[in-house]
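The next block is structure.cif, given as mmCIF, C-alpha atoms and all ligand atoms.
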```
data_coords
loop_
_atom_site.label_atom_id
_atom_site.label_comp_id
_atom_site.auth_asym_id
_atom_site.auth_seq_id
_atom_site.Cartn_x
_atom_site.Cartn_y
_atom_site.Cartn_z
CA LYS A 303 -11.36 41.95 -125.38
CA THR A 304 -11.03 39.24 -122.77
CA LEU A 305 -13.91 37.97 -120.68
CA GLU A 306 -12.02 39.12 -117.64
CA MET A 307 -12.16 42.66 -118.94
CA ILE A 308 -15.86 42.38 -119.61
CA GLU A 309 -16.33 41.03 -116.10
CA SER A 310 -14.48 43.92 -114.51
CA GLU A 311 -16.14 46.49 -116.74
CA LYS A 312 -19.48 45.22 -115.54
CA LEU A 313 -18.28 45.59 -112.01
CA ASN A 314 -17.11 49.13 -112.60
CA ALA A 315 -20.42 49.97 -114.21
CA LEU A 316 -22.18 48.56 -111.19
CA THR A 317 -19.98 50.51 -108.80
CA LEU A 318 -20.68 53.70 -110.72
CA LEU A 319 -24.36 52.93 -110.78
CA ALA A 320 -24.39 52.33 -107.03
CA ALA A 321 -22.51 55.58 -106.44
CA GLY A 322 -25.00 57.39 -108.65
CA VAL A 323 -27.94 55.93 -106.79
CA ALA A 324 -26.46 56.79 -103.41
CA HIS A 325 -26.01 60.35 -104.65
CA GLU A 326 -29.56 60.55 -105.96
CA LEU A 327 -30.97 59.19 -102.72
CA GLY A 328 -29.26 61.98 -100.81
CA ASN A 329 -31.52 64.86 -101.88
CA PRO A 330 -34.92 63.32 -101.20
CA LEU A 331 -33.68 61.88 -97.91
CA ASN A 332 -32.50 65.33 -96.87
CA SER A 333 -35.75 66.85 -97.90
CA LEU A 334 -37.72 64.21 -95.98
CA GLN A 335 -35.73 64.98 -92.89
CA ILE A 336 -36.45 68.70 -93.17
CA HIS A 337 -40.15 68.17 -93.82
CA THR A 338 -40.73 65.72 -90.98
CA GLU A 339 -38.93 68.13 -88.68
CA LEU A 340 -41.17 70.95 -89.88
CA LEU A 341 -44.22 68.79 -89.44
CA GLN A 342 -43.21 67.95 -85.92
CA ARG A 343 -42.79 71.63 -85.09
CA GLU A 344 -45.99 72.57 -86.83
CA LEU A 345 -47.96 70.00 -84.84
CA ALA A 346 -46.25 70.91 -81.57
CA GLY A 347 -46.82 74.65 -82.18
CA LYS A 348 -50.47 74.05 -83.13
CA LYS A 349 -50.04 75.49 -86.64
CA THR A 350 -52.85 75.53 -89.19
CA ARG A 351 -54.07 72.38 -90.87
CA ALA A 352 -52.99 73.80 -94.23
CA GLU A 353 -49.37 73.96 -93.19
CA VAL A 354 -49.44 70.40 -91.92
CA VAL A 355 -51.09 69.21 -95.14
CA ASP A 356 -48.41 70.97 -97.20
CA SER A 357 -45.65 69.26 -95.28
CA LEU A 358 -47.30 65.87 -95.70
CA ALA A 359 -47.67 66.47 -99.44
CA ALA A 360 -43.98 67.28 -99.70
CA ILE A 361 -43.10 64.13 -97.79
CA ARG A 362 -45.27 61.99 -100.03
CA SER A 363 -43.74 63.37 -103.20
CA GLU A 364 -40.22 62.75 -101.90
CA LEU A 365 -41.17 59.18 -100.99
CA GLN A 366 -42.44 58.69 -104.53
CA ARG A 367 -39.13 59.96 -105.88
CA LEU A 368 -37.25 57.49 -103.69
CA ASP A 369 -39.47 54.71 -104.96
CA VAL A 370 -38.64 55.60 -108.57
CA ILE A 371 -34.90 55.73 -107.89
CA VAL A 372 -34.87 52.37 -106.15
CA ASN A 373 -36.97 50.74 -108.87
CA GLN A 374 -34.76 52.08 -111.63
CA PHE A 375 -31.72 50.79 -109.82
CA LEU A 376 -33.22 47.33 -109.44
CA ARG A 377 -34.08 47.25 -113.13
CA ALA A 378 -30.55 48.29 -114.05
CA ILE A 379 -28.85 45.54 -112.07
CA ARG A 380 -31.33 42.80 -112.93
CA PRO A 381 -29.51 40.37 -115.20
CA SER A 382 -30.70 40.02 -118.76
CA PRO A 383 -32.56 36.76 -119.44
CA PRO A 384 -30.64 34.30 -121.62
CA LYS A 385 -31.16 34.51 -125.36
CA LEU A 386 -31.61 30.84 -126.12
CA ALA A 387 -30.61 29.28 -129.42
CA TRP A 388 -29.48 25.84 -130.54
CA ALA A 389 -25.80 25.44 -129.79
CA ALA A 390 -23.08 22.80 -129.60
CA LEU A 391 -22.04 22.47 -126.00
CA ASN A 392 -18.56 21.17 -126.83
CA GLU A 393 -17.91 24.26 -128.91
CA ILE A 394 -18.89 26.55 -126.08
CA VAL A 395 -16.53 24.65 -123.79
CA ARG A 396 -13.72 24.96 -126.35
CA ASP A 397 -14.39 28.70 -126.71
CA ALA A 398 -14.24 29.16 -122.96
CA VAL A 399 -10.92 27.31 -122.80
CA GLU A 400 -9.60 29.52 -125.58
CA PHE A 401 -10.61 32.63 -123.67
CA LEU A 402 -8.62 31.29 -120.78
CA THR A 403 -5.33 31.17 -122.70
CA PRO A 404 -4.12 34.64 -121.60
CA GLN A 405 -4.56 33.57 -117.97
CA MET A 406 -2.52 30.44 -118.59
CA GLU A 407 0.68 32.34 -119.25
CA ASN A 408 3.36 31.90 -116.59
CA ARG A 409 1.33 29.15 -115.00
CA ASP A 410 2.33 25.54 -114.78
CA VAL A 411 -1.17 24.30 -115.51
CA LEU A 412 -2.18 21.68 -118.03
CA ILE A 413 -5.71 21.49 -119.38
CA GLU A 414 -6.95 18.04 -120.30
CA MET A 415 -10.11 18.10 -122.39
CA GLU A 416 -12.34 15.13 -122.97
CA LEU A 417 -15.39 16.05 -124.99
CA ALA A 418 -18.16 13.53 -125.49
CA LYS A 419 -18.88 12.44 -129.05
CA GLY A 420 -22.27 12.60 -130.67
CA MET A 421 -23.62 15.30 -128.45
CA PRO A 422 -27.01 16.64 -129.49
CA MET A 423 -27.53 20.38 -129.63
CA VAL A 424 -28.44 22.25 -126.51
CA ARG A 425 -30.72 25.26 -126.02
CA ALA A 426 -28.33 27.82 -124.65
CA ASP A 427 -27.15 31.38 -124.55
CA ARG A 428 -23.64 30.83 -125.90
CA ASP A 429 -22.12 34.00 -124.45
CA GLN A 430 -23.57 33.45 -121.02
CA LEU A 431 -22.56 29.78 -120.82
CA ARG A 432 -19.06 30.61 -122.04
CA GLN A 433 -18.84 33.23 -119.30
CA ALA A 434 -19.99 30.66 -116.73
CA PHE A 435 -17.44 28.03 -117.83
CA PHE A 436 -14.74 30.69 -117.92
CA ASN A 437 -15.47 31.81 -114.36
CA VAL A 438 -15.27 28.22 -113.11
CA MET A 439 -11.99 27.53 -114.90
CA LYS A 440 -10.47 30.79 -113.75
CA ASN A 441 -11.17 29.76 -110.17
CA ALA A 442 -9.50 26.43 -110.88
CA LEU A 443 -6.39 28.16 -112.24
CA GLU A 444 -6.27 30.48 -109.27
CA ALA A 445 -6.50 27.49 -106.95
CA MET A 446 -3.45 25.91 -108.62
CA ASP A 447 -0.80 28.44 -107.68
CA ARG A 448 1.96 25.89 -107.84
CA GLY A 449 0.71 24.28 -111.01
CA GLY A 450 -1.56 21.36 -111.62
CA ILE A 451 -4.01 19.73 -113.96
CA LEU A 452 -7.42 20.99 -114.94
CA GLU A 453 -9.66 18.32 -116.39
CA VAL A 454 -12.53 19.53 -118.52
CA ARG A 455 -15.03 16.89 -119.53
CA THR A 456 -18.44 16.79 -121.18
CA GLU A 457 -20.84 13.88 -120.78
CA LEU A 458 -24.34 12.99 -121.78
CA SER A 459 -26.92 11.21 -119.65
CA ASP A 460 -30.53 10.37 -120.37
CA SER A 461 -31.76 13.60 -118.90
CA HIS A 462 -28.77 15.93 -118.81
CA PHE A 463 -25.73 17.42 -120.42
CA LEU A 464 -22.89 17.41 -117.96
CA VAL A 465 -19.81 19.61 -117.92
CA VAL A 466 -17.22 18.66 -115.32
CA PHE A 467 -14.25 20.80 -114.24
CA ARG A 468 -11.79 19.06 -111.96
CA ASP A 469 -8.69 20.69 -110.55
CA ASN A 470 -6.07 19.41 -108.14
CA GLY A 471 -5.53 22.79 -106.52
CA SER A 472 -5.93 24.09 -102.98
CA GLY A 473 -9.49 22.89 -102.50
CA MET A 474 -11.95 24.42 -100.06
CA SER A 475 -12.72 23.91 -96.40
CA ALA A 476 -16.30 22.97 -95.53
CA THR A 477 -16.95 26.55 -94.44
CA GLU A 478 -15.53 27.99 -97.65
CA MET A 479 -17.60 25.63 -99.73
CA GLY A 480 -20.71 26.63 -97.81
CA ARG A 481 -20.06 30.27 -98.59
CA ALA A 482 -18.67 29.99 -102.11
CA PHE A 483 -21.85 31.29 -103.78
CA GLU A 484 -22.33 34.13 -101.35
CA PRO A 485 -22.09 37.55 -103.02
CA TYR A 486 -18.72 39.16 -102.26
CA PHE A 487 -17.34 36.06 -100.51
CA THR A 488 -13.73 35.68 -101.55
CA THR A 489 -10.54 34.23 -100.10
CA LYS A 490 -8.41 36.09 -102.65
CA GLN A 491 -6.47 39.33 -102.39
CA SER A 492 -8.11 40.83 -105.43
CA GLY A 493 -11.17 38.62 -105.78
CA THR A 494 -14.64 40.01 -106.42
CA GLY A 495 -16.57 37.20 -104.81
CA LEU A 496 -19.09 37.44 -107.61
CA GLY A 497 -17.79 34.79 -110.03
CA LEU A 498 -19.65 31.76 -108.75
CA LEU A 499 -22.76 33.78 -108.05
CA VAL A 500 -22.87 34.70 -111.73
CA VAL A 501 -22.21 31.08 -112.72
CA ARG A 502 -25.09 29.81 -110.63
CA ARG A 503 -27.45 32.47 -111.92
CA ILE A 504 -26.62 31.61 -115.54
CA VAL A 505 -26.89 27.88 -114.98
CA ARG A 506 -30.22 28.21 -113.21
CA GLU A 507 -31.58 30.42 -115.95
CA HIS A 508 -30.78 27.55 -118.29
CA GLY A 509 -32.84 25.25 -116.09
CA GLY A 510 -29.69 23.53 -114.86
CA GLU A 511 -27.81 23.16 -111.63
CA ILE A 512 -24.26 23.42 -110.32
CA GLN A 513 -22.63 21.06 -107.84
CA LEU A 514 -19.41 21.56 -105.89
CA GLU A 515 -17.22 18.91 -104.41
CA SER A 516 -13.98 19.81 -102.72
CA ARG A 517 -11.33 18.55 -100.37
CA GLU A 518 -8.94 20.92 -98.71
CA GLY A 519 -5.46 20.47 -100.08
CA LYS A 520 -6.66 18.00 -102.73
CA GLY A 521 -8.75 19.88 -105.24
CA THR A 522 -12.19 20.79 -106.42
CA THR A 523 -14.72 19.37 -108.84
CA VAL A 524 -17.44 21.55 -110.29
CA ARG A 525 -20.31 19.85 -112.14
CA ILE A 526 -22.70 21.79 -114.28
CA LEU A 527 -25.85 19.97 -115.35
CA LEU A 528 -28.04 21.26 -118.13
CA PRO A 529 -31.38 19.72 -119.06
CA ARG A 530 -31.70 17.92 -122.40
CA SER A 531 -34.30 20.31 -123.63
CA GLU A 532 -34.24 18.93 -127.17
CA ARG A 533 -36.40 16.02 -125.99
CA ARG A 534 -38.80 18.35 -124.36
CA VAL A 535 -39.22 20.26 -127.58
CA ARG A 536 -39.72 17.17 -129.69
CA LEU A 537 -41.97 15.17 -127.41
CA LEU A 538 -44.06 17.87 -125.86
CA PRO A 539 -47.60 17.96 -127.25
CA MET A 540 -48.65 21.50 -128.12
CA GLY A 541 -49.87 23.58 -125.22
CA SER A 542 -49.15 21.17 -122.40
CA GLU A 543 -46.43 23.11 -120.68
CA GLN A 544 -47.13 21.66 -117.24
CA MET A 545 -46.58 18.11 -118.49
CA VAL A 546 -42.94 18.78 -119.28
CA GLY A 547 -40.77 15.90 -118.27
CA ASP A 548 -37.42 14.72 -119.49
CA GLY A 549 -38.98 12.63 -122.19
CA LYS A 550 -38.72 9.26 -120.50
P1 LIG B 601 -13.49 35.05 -106.52
O1 LIG B 601 -12.90 34.11 -107.51
O2 LIG B 601 -13.48 36.46 -106.98
O3 LIG B 601 -12.92 34.89 -105.12
P2 LIG B 601 -15.80 33.36 -106.80
O4 LIG B 601 -17.26 33.58 -106.55
O5 LIG B 601 -15.41 32.96 -108.18
O6 LIG B 601 -15.06 34.68 -106.36
O7 LIG B 601 -15.29 32.27 -105.78
C1 LIG B 601 -15.55 32.43 -104.41
C2 LIG B 601 -14.57 31.65 -103.57
O8 LIG B 601 -14.80 30.24 -103.71
C3 LIG B 601 -13.11 31.84 -103.92
O9 LIG B 601 -12.54 32.98 -103.34
C4 LIG B 601 -12.47 30.56 -103.38
O10 LIG B 601 -12.25 30.66 -101.99
C5 LIG B 601 -13.57 29.53 -103.59
N1 LIG B 601 -13.34 28.74 -104.81
C6 LIG B 601 -14.05 28.79 -105.96
N2 LIG B 601 -13.60 27.91 -106.86
C7 LIG B 601 -12.56 27.27 -106.28
C8 LIG B 601 -11.66 26.23 -106.70
N3 LIG B 601 -11.72 25.66 -107.92
N4 LIG B 601 -10.73 25.81 -105.81
C9 LIG B 601 -10.64 26.36 -104.58
N5 LIG B 601 -11.45 27.32 -104.12
C10 LIG B 601 -12.40 27.79 -104.96
MG MG B 602 -13.76 33.66 -109.33
#
```
Would you write out, as structure tokens, the structure that this file holds?
Ligand code: ADP
Ligand code: MG
Amino acid sequence: KTLEMIESEKLNALTLLAAGVAHELGNPLNSLQIHTELLQRELAGKKTRAEVVDSLAAIRSELQRLDVIVNQFLRAIRPSPPKLAWAALNEIVRDAVEFLTPQMENRDVLIEMELAKGMPMVRADRDQLRQAFFNVMKNALEAMDRGGILEVRTELSDSHFLVVFRDNGSGMSATEMGRAFEPYFTTKQSGTGLGLLVVRRIVREHGGEIQLESREGKGTTVRILLPRSERRVRLLPMGSEQMVGDGK
């Protein structure tokens, strides 16, 4: 099963869920309409208090139902928090590249990997990070219609792990770059406009950040920074969460 399939399955599930919710919302909304109309007539026609109270009770119970439906929906689409474990970042990068192989067919794209040596382990959700790297690289491939080179590099700084993806594809205009993380923003025929949104969510949930740099017609560089949490774990005195630094 490719990551692409998983990605689109998720999307289908979401579409189905949204359709289901819209359907469920229909009945209570209808009922609310009828009851407010009744209430209006009851008040205008000077009906008994009891009738008005009944209508209000019906309205309140329908509102409660709507509240439940909306809350369930929000819970369903809320992303799962990362399951953190010690992992080798270079391996996750390699896995992501491997997952990309099917997309490489019939493309004149070369991947150049340069993985830093002596990398310490990182606290990460392997599956989620692999998905994030995959989404970034897929964008790079799609930006290199007429072929090109995708550089994938890992680096280590005092405070961060760095994963850099550099392509020499179409690049982005300033406007496109400003909107790249917007949900549903896409410049592609069959794009979802959700790829980078997911990447940013995953990276942020790892305490990291993502940076874009792009020049139209030249290419794009995506940098993903992840905190070196291993220092935090080792140097942090017990129970002093708020004193977390990067260990320097
Ligand atoms: P999708 O790939 O489905 O369009 P994404 O969220 O992955 O959605 O990307 C949003 C948009 O950002 C893309 O449609 C494209 O315009 C732009 N983009 C992202 N990565 C690159 C890249 N490496 N090169 C050029 N444009 C990019
Ligand atoms: Mg994409």
(request) Write out as a PyMOL selection string each polymer residue whose atoms come within 9 Å of Val438 in chain A, counting all atoms listed in the file; drop sequence neighbours fewer than 2 positions from it. (result) chain A and resi 433-436+440-443+467+497-498+501+524
(request) Calculate how many Å separate CA of Ile336 in chain A from CA of Ala352 in chain A, rounding to one decimal. (result)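 Those two atoms sit 17.3 Å apart.
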(message) What's the separation between atom C1 of ligand LIG 601 (chain B) and CA of Phe483 in chain A, in Å to one decimal place?
(response)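 Separation between atom C1 of ligand LIG 601 (chain B) and CA of Phe483 in chain A: 6.4 Å.
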(message) Any residue with an atom at most 6 Å from ligand LIG 601 (chain B) counts, using only C-alpha atoms and all ligand atoms. Which are they? Put them as a list in words.
(response)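 Checking only C-alpha atoms and all ligand atoms against ligand LIG 601 (chain B) at 6 Å gives Asn441, Ala442, Ala445, Ser472, Gly473, Met474, Ala482, Phe483, Phe487, Thr488, Thr489, Lys490, Gly493, Thr494, Gly495, Leu496, Gly497, Leu498, Leu499 and Thr522 of chain A.
Distances here use only C-alpha atoms; by that measure, the residue among A:Pro422, A:Gly480, A:Pro330, A:Gly521 closest to Thr456 in chain A is A:Pro422.
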(message) Just to confirm, what's the straight-line distance from CA of Asn437 in chain A to CA of Asp460 in chain A in Å (one decimal)?
(response) 26.9 Å
(message) Measuring between all atoms listed in the file, which one of A:Met439, A:Leu345, A:Ala389, A:Met415 shows the shortest distance to ligand MG 602 (chain B)?
(response)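 Of A:Met439, A:Leu345, A:Ala389, A:Met415, the one nearest ligand MG 602 (chain B), counting all atoms listed in the file, is A:Met439.
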(request) Would you list the contacts of Ala390 in chain A as a ChimeraX atom specification, taking every protein, DNA or RNA residue within 12 Å and counting only C-alpha atoms, but skipping same-chain residues closer than 2 positions in sequence? (result) /A:387-388,392-397,417-428,431-432,456,463
